[in-house]
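Worksheet: one structure, shown below.
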Amino acid sequence: MHIEIDEISKQFGVTAALHPVSLSIPSGALVALLGPSGSGKTTLLRILGGLEFPTSGRVLFDGQDATGLTVQERRAGFVFQSYALFRHMTVFDNIAYGLNARPRASRPTKAEISRRVTKLLELIQLPEVGGRFPSQLSGGQRQRVALARALAIEPRMLLLDEPFGALDAKVRKELRQGLRDIHDETGLTTVFVTHDQEEAMELADLVVVMSMGRIEQVGKPQDIRARPATDFVRDFVTA
Amino acid sequence: MSDATLQKGTTARFRSATEESPLARRALIGVAFIGLAILVFAPLIAVFAEALADGVSAALRSLANPDALDAIRLTLTIAAISVPLNAAFGIAAAWFITKFDFRGKAFLITLIDLPFSVSPVVAGLCIVLMFGTNSLIGGWLVAQGFPIVFAMPGIILATLFVTFPFVARELIPVMIEQGRAEEEAALTLGASGWRTFWTVTLPNIRWALLYGVLLCNARAMGEFGAVSVVSGKIRGQTATMPTTIEMLYQEYLSVAAFSLAAVLALLALLTLLLKTALEIRHADQLAATHRH
Ligand SMILES: Nc1ncnc2c1ncn2[C@@H]1O[C@H](COP(=O)(O)OP(=O)(O)O)[C@@H](O)[C@H]1O
Ligand SMILES: [Mg+2]
């Protein structure tokens with residue numbers, strides 16, 4: 001799905017989290033929102049997911065105005081920074097949650113839900129953990145379960161907030177490739193937030209460099225490296 | 001003493017920074033037990049001993065007295081009405097305070113605590129002033145045949161006021177600690193707000209809720225001050241267990257007073273047993289939801 005961000009701004013009381021920003025995300029792209037802490041990355045991602053509403057501006061999905069769509073109507077697969085797995089549910093029930101929440105008419109049968117959850121567990125290469133609780137998983141496993149849970153609703157796009165932030169370097173590298181693979185397999189338009197320029201450069205097709213609620217530069221990783229548009233970008237990507 | 005030899009044997013071992021020396025630990029545990037014994041167990045035993053002073057049959061006979069039975073029935077009714085109401089109010093208040101940002105939040109939290117700092121007698125008097133026969137509202141309500149003071153509604157109001165903070169107080173810290181992320185996750189997965197509440201919020205707070213409800217229940221059954229002011233203590237009508245116990249005691253009907261007191265204590269012990277049983281039964285879930 002093609003996402004168009006049209007002059008979006010967001011004000012929290014007196015703080016401007018986003019000055020009007022515009023951005024076009026081509027269908028099927030893997031995009032990184034890159035910037036230091038407090039630059040407005042999470043806010044922009046949450047606006048896309050319908051968890052936050054912009055003070056001004058519009059969001060368009062495939063050319064249709066989606067600004068007023070509720071979070072449920074957006075059908076965005078969202079992976080939260082600390083994963084936000086349902087701690088009182090097993091991994092299986094976590095992944096099945098979105099399917100069970102569907103209105104009766106479009107809800108798959110129990111057997112079908114079970115089949116899909118099993119398939120997702122295979123996709124994230126954790127076929128054995130369905131019966132465990134989130135507290136019994138490692139950080140990397142939790143992240144993958146969160147991804148599977150988001151994928152279970154057959155989302156129109158995938159939004160991930162610092163998906164590798166809480167992991168150690170080795171696991172981080174492995175999961176990076178995992179996200180790339182899943183993106184390539186599903187073809188979903190994917191936006192992920194990171195403050196790690198190496199991660200953004202290595203993983204993304206398109207990097208959006210942000211600072212203080214503004215977009216500094218949008219481009220392919222090699223273009224940003226070769227031709228940083230501002231001093232900020234130069235400093236940040238060579239850091 | 002054997003303490004000294006034990007002490008010698010264990011000091012050589014490593015111990016974590018937060019751990020006290022074995023001697024200090026024993027002393028602390030000892031103090032806690034002596035405190036519990038003097039403040040909790042001894043009075044409980046005394047209550048049962050007094051109740052059974054003239055034998056089991058005398059105690060049972062006093063409980064079979066219609067006034068005693070009416071008091072038990074009234075107290076259970078009051079608890080059955082006010083505890084669910086305050087559980088609902090408490091959840092609503094805690095939800096509102098922890099899931100939304102608004103001005104005056106600190107003030108609202110203080111307001112929830114108010115019943116803890118106001119003497120129950122004062123609270124009872126306020127209800128009498130508000131709804132008594134001589135007040136505007138009270139006079140009108142009495143004319144409609146719906147008296148509040150010296151009647152069941154007054155007792156329920158007083159109990160609701162006194163026990164209001166218990167559930168909310170238990171829930172607020174837990175809900176603040178848990179944040180909003182799981183609820184937001186449920187919404188992004190397509191769940192409605194209502195569904196999110198029942199499948200995510202409520203299960204996550206159920207132990208705190210249970211604890212709050214038990215405390216609320218214990219207090220609802222045991223409340224004396226506010227209820228004795230608003231109820232008028234009419235035997236067989238508005239006299240609850242605590243007020244009946246007091247009246248019996250004043251009349252030197254010691255066996256009757258302590259028998260009823262023993263029943264009240266047993267009800268409290270029963271709620272505690274219930275809680276412990278639930279905790280043991282759901283120990284695995286409890287562990288899963290707490291350590292995350
Ligand atoms: N709910 C909120 N209330 C008030 N200010 C907020 C809120 N969310 C974000 N902000 C502010 O908006 C700015 C951008 O935050 P955020 O989008 O979280 O940045 P990032 O994800 O890049 O670290 C920060 O200054 C932050 O303090
Ligand atoms: Mg952030």
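Chain labels run A, B, ... following the order of the structure tokens; each chain numbers its residues from 1, and ligands are numbered from 1 in the order shown.
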Requested in this report: Do a neighbour search on Leu99 of chain A at 8 Å with only C-alpha atoms, toss out local chain neighbours closer than 2 positions, and write the hits as a ChimeraX atom specification.
Outcome: /A:96-97,101-102,107-108,113,152-153
Taking a cut-off of 12 Å and counting only C-alpha atoms and all ligand atoms, can you build a table that, for each residue of chain B near ligand 1, reports the nearest atom pair and how far apart they are in Å (one decimal), sorted by chain then residue number, as a Markdown table?
| residue | atom | partner | partner_atom_place_in_ligand_line | distance |
| --- | --- | --- | --- | --- |
| B:Lys99 | CA | ligand 1 | 1 (N) | 11.4 |
| B:Phe100 | CA | ligand 1 | 1 (N) | 10.0 |
| B:Asp101 | CA | ligand 1 | 1 (N) | 8.5 |
| B:Phe102 | CA | ligand 1 | 3 (N) | 11.0 |
| B:Arg180 | CA | ligand 1 | 1 (N) | 11.3 |
Let's have the selection written as an mmCIF file, in the first residue's frame, with N, CA, C and O atoms.
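Written file, again.cif:
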data_model
loop_
_atom_site.group_PDB
_atom_site.id
_atom_site.type_symbol
_atom_site.label_atom_id
_atom_site.label_comp_id
_atom_site.auth_asym_id
_atom_site.auth_seq_id
_atom_site.Cartn_x
_atom_site.Cartn_y
_atom_site.Cartn_z
ATOM 1 N N LYS B 99 -5.331 6.082 32.391
ATOM 2 C CA LYS B 99 -5.283 5.934 30.941
ATOM 3 C C LYS B 99 -5.451 7.259 30.202
ATOM 4 O O LYS B 99 -5.317 7.313 28.990
ATOM 5 N N PHE B 100 -5.778 8.310 30.918
ATOM 6 C CA PHE B 100 -5.939 9.597 30.250
ATOM 7 C C PHE B 100 -5.078 10.651 30.922
ATOM 8 O O PHE B 100 -4.791 10.553 32.113
ATOM 9 N N ASP B 101 -4.666 11.629 30.123
ATOM 10 C CA ASP B 101 -3.949 12.768 30.680
ATOM 11 C C ASP B 101 -4.915 13.934 30.777
ATOM 12 O O ASP B 101 -5.570 14.284 29.806
ATOM 13 N N PHE B 102 -5.012 14.512 31.941
ATOM 14 C CA PHE B 102 -5.864 15.690 32.066
ATOM 15 C C PHE B 102 -5.388 16.522 33.245
ATOM 16 O O PHE B 102 -4.634 16.054 34.097
ATOM 17 N N ARG B 180 0.017 1.841 28.970
ATOM 18 C CA ARG B 180 -1.099 1.697 28.036
ATOM 19 C C ARG B 180 -0.756 0.835 26.843
ATOM 20 O O ARG B 180 -1.587 0.611 25.974
#
Requested in this report: May I have the residues within 12 Å of ligand 2, computed using only C-alpha atoms and all ligand atoms, as number ranges by chain?
Outcome: A: 17, 33-46, 80-82, 160-163, 165, 192-195, 210, 213
Requested in this report: Determine which residues of chain A DSSP labels as strand (DSSP E or B) from the backbone of this structure, then write them out as a PyMOL selection string.
Outcome: chain A and resi 3-12+15-25+30-34+56-61+64-65+76-79+157-161+189-194+206-211+214-219
Under the rule of at most 6 Å, produce a per-residue listing of chain A near chain B: chain, number, name, the closest pair of atoms, and the distance in Å, as a tab-separated table, using only C-alpha atoms.
residue	atom	partner	partner_atom	distance
A:Val71	CA	B:Thr188	CA	5.7
A:Gln72	CA	B:Gly190	CA	4.4
A:Ala84	CA	B:Glu182	CA	4.9
A:Arg87	CA	B:Thr289	CA	5.4
A:His88	CA	B:Thr289	CA	5.4
A:Gly98	CA	B:Leu189	CA	4.7
A:Ala101	CA	B:Ala191	CA	5.2
A:Ser135	CA	B:His292	CA	4.8
**Report entry** Surrounding residues of Thr186 of chain A excluding itself and chain neighbours under 6 positions, 10 Å, only C-alpha atoms, as a ChimeraX atom specification
**Finding:** /A:28,151,154
Query raised in the report: Pro242 of chain B: which residues within 8 Å, counting only C-alpha atoms, same-chain residues fewer than 3 positions away excluded, as a list of chain:residue names?
Result: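 Close residues of Pro242 of chain B: B:Met221, B:Gly222, B:Glu223, B:Phe224, B:Ile245, B:Glu246, B:Ala261.
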